[in-house]
>>> print(open('run29.txt').read())   # compact mmCIF, C-alpha atoms and all ligand atoms
# COMPACT_ATOMS: atom_id res chain seq x y z
CA MET U 1 0.00 0.00 0.00
CA ALA U 2 1.48 3.30 -1.11
CA ILE U 3 0.63 6.53 0.63
CA GLU U 4 1.42 10.14 -0.12
CA ALA U 5 4.26 11.97 1.55
CA ILE U 6 6.34 15.07 0.98
CA TYR U 7 9.96 14.93 -0.07
CA PHE U 8 12.58 17.70 0.10
CA ASP U 9 15.82 16.99 -1.73
CA GLY U 10 17.88 19.25 0.54
CA GLU U 11 19.17 21.29 -2.40
CA THR U 12 16.05 23.18 -3.47
CA SER U 13 13.19 24.28 -1.24
CA ARG U 14 10.65 22.63 -3.51
CA ASP U 15 8.32 20.20 -1.82
CA ASN U 16 7.81 17.10 -3.95
CA LYS U 17 4.75 14.96 -3.61
CA VAL U 18 5.87 11.36 -3.56
CA LEU U 19 4.40 7.94 -2.97
CA ILE U 20 6.01 5.81 -0.33
CA SER U 21 5.61 2.19 0.63
CA LEU U 22 7.37 -0.39 2.75
CA GLY U 23 9.23 -2.85 0.57
CA PRO U 24 11.65 -5.68 1.33
CA GLN U 25 14.66 -3.29 1.18
CA GLY U 26 13.06 -0.52 3.20
CA LEU U 27 11.12 2.62 2.45
CA GLU U 28 10.48 2.88 -1.28
CA ILE U 29 10.01 6.39 -2.64
CA THR U 30 8.67 7.20 -6.10
CA GLY U 31 7.38 10.39 -7.65
CA ASP U 32 7.20 12.43 -10.81
CA THR U 33 9.80 14.94 -9.71
CA VAL U 34 12.24 12.72 -7.79
CA SER U 35 14.30 9.76 -8.84
CA ALA U 36 13.04 6.49 -7.42
CA GLN U 37 14.96 5.46 -4.34
CA THR U 38 14.83 3.16 -1.37
CA TRP U 39 15.75 4.27 2.14
CA SER U 40 16.95 1.32 4.18
CA LEU U 41 15.29 1.11 7.59
CA PRO U 42 18.46 1.03 9.77
CA GLY U 43 19.69 4.23 8.03
CA LEU U 44 16.50 6.15 8.87
CA ARG U 45 16.63 8.88 11.46
CA ALA U 46 13.71 10.76 13.01
CA ILE U 47 14.42 14.49 12.98
CA ASP U 48 12.07 14.98 15.94
CA PRO U 49 10.82 12.33 18.31
CA PRO U 50 7.60 10.96 16.77
CA TYR U 51 4.46 12.56 18.23
CA ALA U 52 0.98 11.32 17.37
CA SER U 53 -0.16 14.86 16.67
CA GLN U 54 2.63 15.72 14.23
CA PRO U 55 3.78 14.40 10.89
CA LEU U 56 6.84 12.23 11.11
CA ARG U 57 9.95 13.90 9.67
CA LEU U 58 12.66 11.55 8.50
CA ALA U 59 16.18 11.81 7.21
CA HIS U 60 18.51 9.12 5.92
CA ARG U 61 22.16 8.48 6.51
CA ARG U 62 22.85 8.03 2.78
CA GLN U 63 20.86 11.06 1.61
CA PRO U 64 22.33 14.00 3.51
CA GLY U 65 20.00 16.97 3.48
CA ALA U 66 17.01 15.08 2.12
CA ARG U 67 13.80 15.03 4.19
CA LEU U 68 10.68 12.96 4.05
CA ILE U 69 7.51 14.09 5.78
CA ILE U 70 4.83 11.52 6.45
CA GLY U 71 1.41 12.66 7.64
CA ASP U 72 -0.35 9.33 7.52
CA ARG U 73 -0.75 8.04 11.04
CA GLY U 74 -1.43 4.43 10.14
CA PHE U 75 1.63 4.22 7.93
CA THR U 76 3.75 5.91 10.59
CA GLU U 77 2.74 3.28 13.16
CA GLN U 78 3.56 0.52 10.71
CA LEU U 79 6.95 2.06 10.01
CA LEU U 80 7.73 2.59 13.72
CA ALA U 81 6.91 -1.05 14.35
CA GLN U 82 9.55 -2.10 11.83
CA ALA U 83 12.08 0.58 12.72
CA PRO U 84 11.66 1.02 16.50
CA HIS U 85 14.88 3.04 16.78
CA LEU U 86 12.94 5.98 15.28
CA ARG U 87 11.02 6.28 18.54
CA GLY U 88 14.20 7.46 20.19
CA GLY U 89 14.84 6.15 23.64
CA ILE U 90 17.14 3.25 24.22
CA ASN U 91 18.18 0.77 21.61
CA PRO U 92 19.02 -2.24 23.79
CA LYS U 93 21.82 -3.47 21.56
CA ARG U 94 23.50 -0.09 21.25
CA ALA U 95 22.94 0.68 24.91
CA LEU U 96 24.63 -2.56 25.94
CA HIS U 97 27.54 -1.77 23.66
CA LEU U 98 27.91 1.72 25.11
CA PHE U 99 27.52 0.39 28.62
CA LEU U 100 30.31 -2.14 28.10
CA TRP U 101 32.55 0.54 26.67
CA ILE U 102 32.01 2.94 29.55
CA GLY U 103 32.06 0.10 32.05
CA SER U 104 35.40 -1.24 30.88
CA GLY U 105 36.81 2.30 30.83
CA LEU U 106 35.76 2.89 34.43
CA THR U 107 37.02 -0.51 35.49
CA VAL U 108 40.42 0.22 34.01
CA LEU U 109 40.46 3.63 35.69
CA ALA U 110 39.39 2.23 39.05
CA GLY U 111 41.96 -0.54 38.70
CA LEU U 112 44.72 1.93 38.00
CA ILE U 113 43.76 4.03 41.00
CA TYR U 114 43.53 0.94 43.19
CA LEU U 115 47.01 -0.20 42.14
CA THR U 116 48.38 3.28 42.69
CA LEU U 117 46.85 3.45 46.15
CA ASN U 118 48.12 0.06 47.13
CA PHE U 119 51.64 0.26 45.91
CA ALA U 120 52.67 3.81 45.27
CA PRO U 121 51.31 6.50 47.63
CA GLN U 122 54.72 6.88 49.22
CA LYS U 123 56.42 7.13 45.84
CA LEU U 124 53.81 9.59 44.59
CA ALA U 125 54.10 11.58 47.81
CA ALA U 126 57.82 12.00 47.23
CA PHE U 127 56.96 13.92 44.04
CA LEU U 128 54.56 16.36 45.67
CA PRO U 129 55.89 19.90 45.45
CA ASP U 130 57.51 21.00 48.74
CA GLU U 131 55.50 24.20 48.67
CA TRP U 132 52.26 22.21 48.54
CA SER U 133 53.27 19.92 51.44
CA ARG U 134 54.38 22.92 53.46
CA ARG U 135 51.05 24.71 53.03
CA VAL U 136 48.91 21.64 53.68
CA GLY U 137 50.97 20.84 56.79
CA GLU U 138 50.60 24.37 58.07
CA GLN U 139 46.81 24.30 57.66
CA MET U 140 46.52 20.86 59.23
CA GLU U 141 48.58 21.88 62.22
CA ALA U 142 46.41 24.96 62.78
CA SER U 143 43.23 22.86 62.59
CA LEU U 144 44.54 20.14 64.87
CA VAL U 145 45.90 22.23 67.70
CA GLU U 146 42.86 24.52 67.51
CA LYS U 147 43.48 27.40 69.88
CA ALA U 148 46.18 25.73 71.94
CA ARG U 149 49.09 27.95 72.89
CA THR U 150 52.50 27.37 71.36
CA CYS U 151 55.01 26.63 74.11
CA GLN U 152 58.26 28.49 73.87
CA SER U 153 60.94 29.93 76.08
CA THR U 154 64.46 30.97 75.19
CA ALA U 155 66.02 28.21 77.26
CA GLY U 156 63.40 25.62 76.24
CA ASN U 157 63.83 26.40 72.53
CA ARG U 158 67.59 26.12 72.90
CA ALA U 159 67.23 22.70 74.56
CA LEU U 160 64.94 21.47 71.78
CA THR U 161 67.39 22.70 69.12
CA ALA U 162 70.23 20.91 70.92
CA LEU U 163 68.21 17.69 71.07
CA LEU U 164 67.45 17.85 67.33
CA ALA U 165 71.09 18.63 66.54
CA ASN U 166 72.19 15.53 68.45
CA LEU U 167 69.61 13.40 66.63
CA ALA U 168 70.84 14.81 63.30
CA GLU U 169 74.18 13.14 64.04
CA GLY U 170 72.32 9.88 63.47
CA ASP U 171 71.28 10.74 59.91
CA ALA U 172 73.33 12.90 57.59
CA ASP U 173 70.25 13.18 55.35
CA MET U 174 67.80 14.13 58.07
CA PRO U 175 64.95 16.04 56.36
CA PRO U 176 64.33 19.68 57.30
CA LEU U 177 61.99 19.82 60.29
CA ARG U 178 59.74 22.23 62.08
CA VAL U 179 59.11 20.94 65.59
CA ARG U 180 56.65 22.70 67.86
CA VAL U 181 55.41 22.07 71.37
CA TYR U 182 51.80 22.94 72.21
CA ASP U 183 50.18 23.49 75.58
CA ILE U 184 47.90 20.46 75.27
CA PRO U 185 47.47 18.13 78.28
CA ILE U 186 47.06 14.92 76.28
CA MET U 187 50.17 12.88 75.63
CA ASN U 188 50.65 12.93 71.87
CA ALA U 189 53.12 13.46 69.09
CA PHE U 190 52.59 13.38 65.35
CA ALA U 191 54.18 14.22 62.05
CA LEU U 192 52.42 16.32 59.43
CA PRO U 193 53.15 17.03 55.77
CA GLY U 194 56.02 19.39 55.11
CA GLY U 195 58.31 18.10 57.88
CA ARG U 196 56.16 19.40 60.74
CA ILE U 197 56.25 17.58 64.05
CA VAL U 198 53.95 18.39 66.94
CA LEU U 199 54.69 17.47 70.56
CA THR U 200 52.28 18.09 73.40
CA ARG U 201 52.98 19.30 76.93
CA GLY U 202 51.36 16.07 78.10
CA LEU U 203 54.08 14.12 76.35
CA LEU U 204 56.89 16.15 77.92
CA ASP U 205 55.23 15.80 81.34
CA LYS U 206 55.01 12.01 81.01
CA ALA U 207 58.57 11.56 79.74
CA ALA U 208 60.92 10.48 82.53
CA ALA U 209 64.16 11.15 80.65
CA PRO U 210 65.40 13.02 77.57
CA ASP U 211 66.12 9.63 75.92
CA GLU U 212 62.37 9.06 75.79
CA VAL U 213 61.64 12.37 74.03
CA ALA U 214 64.61 11.74 71.73
CA GLY U 215 63.12 8.33 70.88
CA VAL U 216 59.67 9.76 70.14
CA LEU U 217 61.21 12.50 68.00
CA ALA U 218 63.31 9.97 66.09
CA HIS U 219 60.16 7.95 65.43
CA GLU U 220 58.33 11.04 64.12
CA ILE U 221 61.34 12.02 62.00
CA GLY U 222 61.09 8.50 60.56
CA HIS U 223 57.52 9.28 59.45
CA VAL U 224 58.74 12.53 57.87
CA ALA U 225 61.73 10.89 56.15
CA HIS U 226 59.46 8.21 54.65
CA HIS U 227 56.83 10.77 53.56
CA HIS U 228 54.15 8.93 55.53
CA PRO U 229 51.88 11.96 56.17
CA GLU U 230 51.95 12.95 52.49
CA ALA U 231 51.39 9.35 51.42
CA GLN U 232 48.35 9.17 53.67
CA LEU U 233 46.98 12.33 52.03
CA VAL U 234 47.52 10.80 48.58
CA ARG U 235 45.77 7.63 49.73
CA ILE U 236 42.77 9.50 51.11
CA ALA U 237 42.49 11.71 48.02
CA GLY U 238 42.65 8.57 45.89
CA VAL U 239 39.92 6.87 47.91
CA GLN U 240 37.72 9.93 47.40
CA ILE U 241 38.27 9.64 43.64
CA LEU U 242 37.50 5.91 43.73
CA LEU U 243 34.34 6.56 45.71
CA SER U 244 33.14 9.22 43.30
CA VAL U 245 33.85 6.92 40.34
CA ALA U 246 31.95 4.11 42.06
CA THR U 247 28.97 6.19 43.13
CA GLY U 248 28.95 8.56 40.19
CA THR U 249 28.92 11.59 42.48
CA SER U 250 31.48 14.32 42.73
CA GLY U 251 31.86 13.51 46.45
CA GLY U 252 33.09 16.61 48.27
CA THR U 253 36.44 16.14 49.95
CA ASN U 254 36.51 16.79 53.65
CA ALA U 255 40.23 16.88 54.30
CA SER U 256 39.61 19.85 56.57
CA SER U 257 37.16 17.96 58.76
CA LEU U 258 38.53 16.46 61.94
CA ALA U 259 37.64 12.95 60.80
CA GLY U 260 39.66 13.58 57.66
CA LEU U 261 42.59 14.92 59.65
CA ALA U 262 42.51 12.02 62.07
CA ALA U 263 42.57 9.64 59.11
CA VAL U 264 45.67 11.35 57.77
CA LEU U 265 47.39 11.01 61.14
CA LYS U 266 46.51 7.40 61.62
CA SER U 267 49.49 5.36 60.60
CA SER U 268 49.37 1.93 59.14
CA ARG U 269 51.20 -0.90 60.82
CA ASP U 270 53.78 -0.88 58.02
CA ALA U 271 54.37 2.84 58.43
CA GLU U 272 54.85 2.34 62.17
CA SER U 273 57.44 -0.39 61.65
CA GLU U 274 59.21 1.75 59.10
CA ALA U 275 59.31 4.71 61.49
CA ASP U 276 60.52 2.44 64.32
CA GLY U 277 63.28 1.06 62.11
CA TYR U 278 64.37 4.55 61.19
CA ALA U 279 64.28 5.66 64.84
CA VAL U 280 66.38 2.78 66.11
CA ALA U 281 68.97 3.30 63.36
CA MET U 282 69.08 7.03 63.98
CA LEU U 283 69.37 6.69 67.77
CA SER U 284 72.09 4.05 67.48
CA ALA U 285 74.10 6.14 65.04
CA ALA U 286 73.70 9.19 67.28
CA ARG U 287 74.73 7.01 70.26
CA ILE U 288 71.47 7.76 72.10
CA ASP U 289 70.03 4.89 74.12
CA PRO U 290 67.11 3.34 72.13
CA MET U 291 65.74 2.00 75.43
CA GLY U 292 64.24 5.46 75.91
CA LEU U 293 61.90 4.83 72.99
CA LYS U 294 61.12 1.38 74.38
CA HIS U 295 60.25 2.78 77.80
CA PHE U 296 58.07 5.41 76.24
CA PHE U 297 56.18 2.83 74.18
CA GLU U 298 55.58 0.82 77.35
CA LYS U 299 54.19 3.96 78.92
CA ILE U 300 51.85 4.44 75.95
CA LEU U 301 50.55 0.89 76.38
CA THR U 302 49.64 1.51 80.01
CA GLU U 303 47.99 4.84 79.08
CA GLU U 304 45.84 3.23 76.43
CA GLY U 305 42.17 3.37 77.19
CA LYS U 306 42.48 6.11 79.81
CA PRO U 307 39.96 8.89 79.20
CA SER U 308 41.40 12.06 77.75
CA GLY U 309 40.08 15.58 77.60
CA GLY U 310 40.80 19.04 76.28
CA ALA U 311 41.91 20.00 72.82
CA LEU U 312 42.85 17.10 70.57
CA SER U 313 40.74 14.78 72.73
CA ARG U 314 38.71 13.74 69.72
CA LEU U 315 41.90 12.48 68.13
CA GLY U 316 42.66 10.36 71.13
CA THR U 317 46.05 9.82 72.61
CA VAL U 318 49.36 9.00 71.04
CA PHE U 319 48.18 5.39 70.99
CA SER U 320 45.50 6.10 68.41
CA THR U 321 47.88 7.92 66.07
CA HIS U 322 50.75 5.47 66.53
CA PRO U 323 49.25 2.16 67.58
CA VAL U 324 51.81 0.48 69.80
CA THR U 325 52.00 -3.26 70.11
CA THR U 326 54.14 -5.45 72.32
CA GLU U 327 55.63 -6.89 69.14
CA ARG U 328 56.90 -3.47 68.19
CA ILE U 329 58.28 -2.88 71.66
CA ASP U 330 60.10 -6.21 71.59
CA LEU U 331 61.83 -5.24 68.35
CA ILE U 332 63.67 -2.41 70.07
CA LYS U 333 66.89 -3.87 71.45
CA PRO U 334 69.52 -2.21 73.59
CA LEU U 335 72.76 -1.15 71.94
CA PRO U 336 75.45 -3.85 72.07
CA GLU U 337 77.37 -4.09 75.31
CA GLY U 338 80.25 -1.67 75.50
CA ALA U 339 78.68 0.71 72.97
CA GLN U 340 79.19 4.28 74.02
CA ILE U 341 75.98 6.02 75.00
CA LYS U 342 75.60 9.72 75.59
CA PRO U 343 72.67 11.70 76.98
CA PRO U 344 70.93 13.56 74.14
CA ILE U 345 70.95 16.79 76.16
CA THR U 346 72.34 17.88 79.53
CA ASP U 347 70.29 17.67 82.74
CA ALA U 348 69.98 21.45 82.74
CA GLN U 349 68.70 21.46 79.14
CA TRP U 350 66.27 18.68 80.03
CA ASN U 351 64.96 20.82 82.84
CA ASP U 352 64.54 23.75 80.46
CA LEU U 353 62.69 21.61 77.92
CA LYS U 354 60.34 20.21 80.57
CA LYS U 355 59.44 23.79 81.52
CA ILE U 356 58.99 25.09 77.96
CA CYS U 357 55.23 25.43 78.50
CA GLY U 358 55.71 27.28 81.76
CA PRO U 359 55.89 26.10 85.34
ZN ZN F 401 54.17 6.53 64.37
>>> encode(input="run29.txt", output="structure tokens", more="lines below")
Ligand SMILES: [Zn+2]
Amino acid sequence: MAIEAIYFDGETSRDNKVLISLGPQGLEITGDTVSAQTWSLPGLRAIDPPYASQPLRLAHRRQPGARLIIGDRGFTEQLLAQAPHLRGGINPKRALHLFLWIGSGLTVLAGLIYLTLNFAPQKLAAFLPDEWSRRVGEQMEASLVEKARTCQSTAGNRALTALLANLAEGDADMPPLRVRVYDIPIMNAFALPGGRIVLTRGLLDKAAAPDEVAGVLAHEIGHVAHHHPEAQLVRIAGVQILLSVATGTSGGTNASSLAGLAAVLKSSRDAESEADGYAVAMLSAARIDPMGLKHFFEKILTEEGKPSGGALSRLGTVFSTHPVTTERIDLIKPLPEGAQIKPPITDAQWNDLKKICGP
């Protein structure tokens, strides 16, 4: 059954009356003013989505510019039944194809990120610009210590400098550091991006000897030297990206939130062992007794679980940022018998350091 339709050739504006019918090869078009042609069904394209109230306007892949306008509703329905892609919407075959393409792309991307996160955060972190690490560390420190007062006194600062200078004898490549003591009652110490190390008054109060503070500092310097804080940032940023890929949202980062900060501080077991290894090597080379670190770790174990208050309380004690285990403690051995040991600072300097936050 042939019905009337209108044909534009795309070159002139003349509307040609044609007869169209559905043949075995597709839409057959004949007319006095156009050459007979057949438009294959898969090549058809609806210029607008088909509406019952409007004539159907068609184009064809092989006839650029040409248009066919069909007003007959019955014929249109018949055509749509044979060429459902004209209805728009989803073509299941093409959709599956597209889905597999996008899916495999995302899988590859997620896989790459996963591999990066698992094996390379520390390597990636080493390539972060110093300026970036410095700024991030500065902001993190300000957020973490909140309004706590910085502890300093001329004599106390001098004692801290002397202690760091003695530790530096244990590592010729010791990274540049910025160590600060804050008037915070909780016993804690942590390393931040950009070589920043924070000690609390609580930690100095609990330390029985300068060897213990030297040990804690050496451990924190180990975190700095191995880029652990930066690596943790890379890991967290990567997880955010993975999550947004998985959920399809842009997922706002909350590195400034306390939960985010605490996550950056929390060291993995591997990072802790690495920092311990560095500390023991540094202390031994500087001829400082590593038993100080051991004693301090034992102290941390007994403090674990005690309630804490004041600023930083939400972060918990030093135990939550550097989980101590008896295994770790057992790995710290005394220097061999006969090895020369020296105090990291004099008794007077130790006194000055203990009082750096005031009497
Ligand atoms: Zn640690």
>>> residues_around(input="run29.txt", residues="stretch 285-287 of chain U", least_positions_apart="5", cutoff="9 Å", atoms="all atoms listed in the file", output="short mmCIF file (atom, residue, chain, number, x, y, z; two decimals) with C-alpha atoms, keeping the file's coordinate frame")
data_model
loop_
_atom_site.label_atom_id
_atom_site.label_comp_id
_atom_site.auth_asym_id
_atom_site.auth_seq_id
_atom_site.Cartn_x
_atom_site.Cartn_y
_atom_site.Cartn_z
CA ASN U 166 72.19 15.53 68.45
CA LEU U 167 69.61 13.40 66.63
CA ALA U 168 70.84 14.81 63.30
CA GLU U 169 74.18 13.14 64.04
CA GLY U 170 72.32 9.88 63.47
CA ASP U 171 71.28 10.74 59.91
CA VAL U 280 66.38 2.78 66.11
CA LEU U 335 72.76 -1.15 71.94
CA ALA U 339 78.68 0.71 72.97
CA GLN U 340 79.19 4.28 74.02
CA ILE U 341 75.98 6.02 75.00
CA LYS U 342 75.60 9.72 75.59
CA PRO U 343 72.67 11.70 76.98
CA PRO U 344 70.93 13.56 74.14
#
>>> atom_distance(input="run29.txt", atom1="atom CA of U:Tyr278", atom2="atom CA of U:Ala225")
8.5 Å
>>> closest_residue(input="run29.txt", among="U:Leu58, U:Leu41, U:Ala66, U:Leu80", to="U:Gly10", atoms="only C-alpha atoms")
U:Ala66
>>> closest_residue(input="run29.txt", among="U:Ala59, U:Ala2, U:Leu199, U:Leu124", to="U:Leu44", atoms="all atoms listed in the file")
U:Ala59
>>> atom_distance(input="run29.txt", atom1="atom CA of U:Pro24", atom2="atom CA of U:Ile6")
21.4 Å
>>> atom_distance(input="run29.txt", atom1="atom CA of U:Ile288", atom2="atom CA of U:Gly137")
28.7 Å
>>> closest_residue(input="run29.txt", among="U:Gln232, U:Ser40, U:Ser273, U:Gln152", to="U:Leu353", atoms="only C-alpha atoms")
U:Gln152
>>> closest_residue(input="run29.txt", among="U:Val324, U:Ile70, U:Val234, U:Val108", to="ligand ZN 401 (chain F)", atoms="only C-alpha atoms and all ligand atoms")
U:Val324
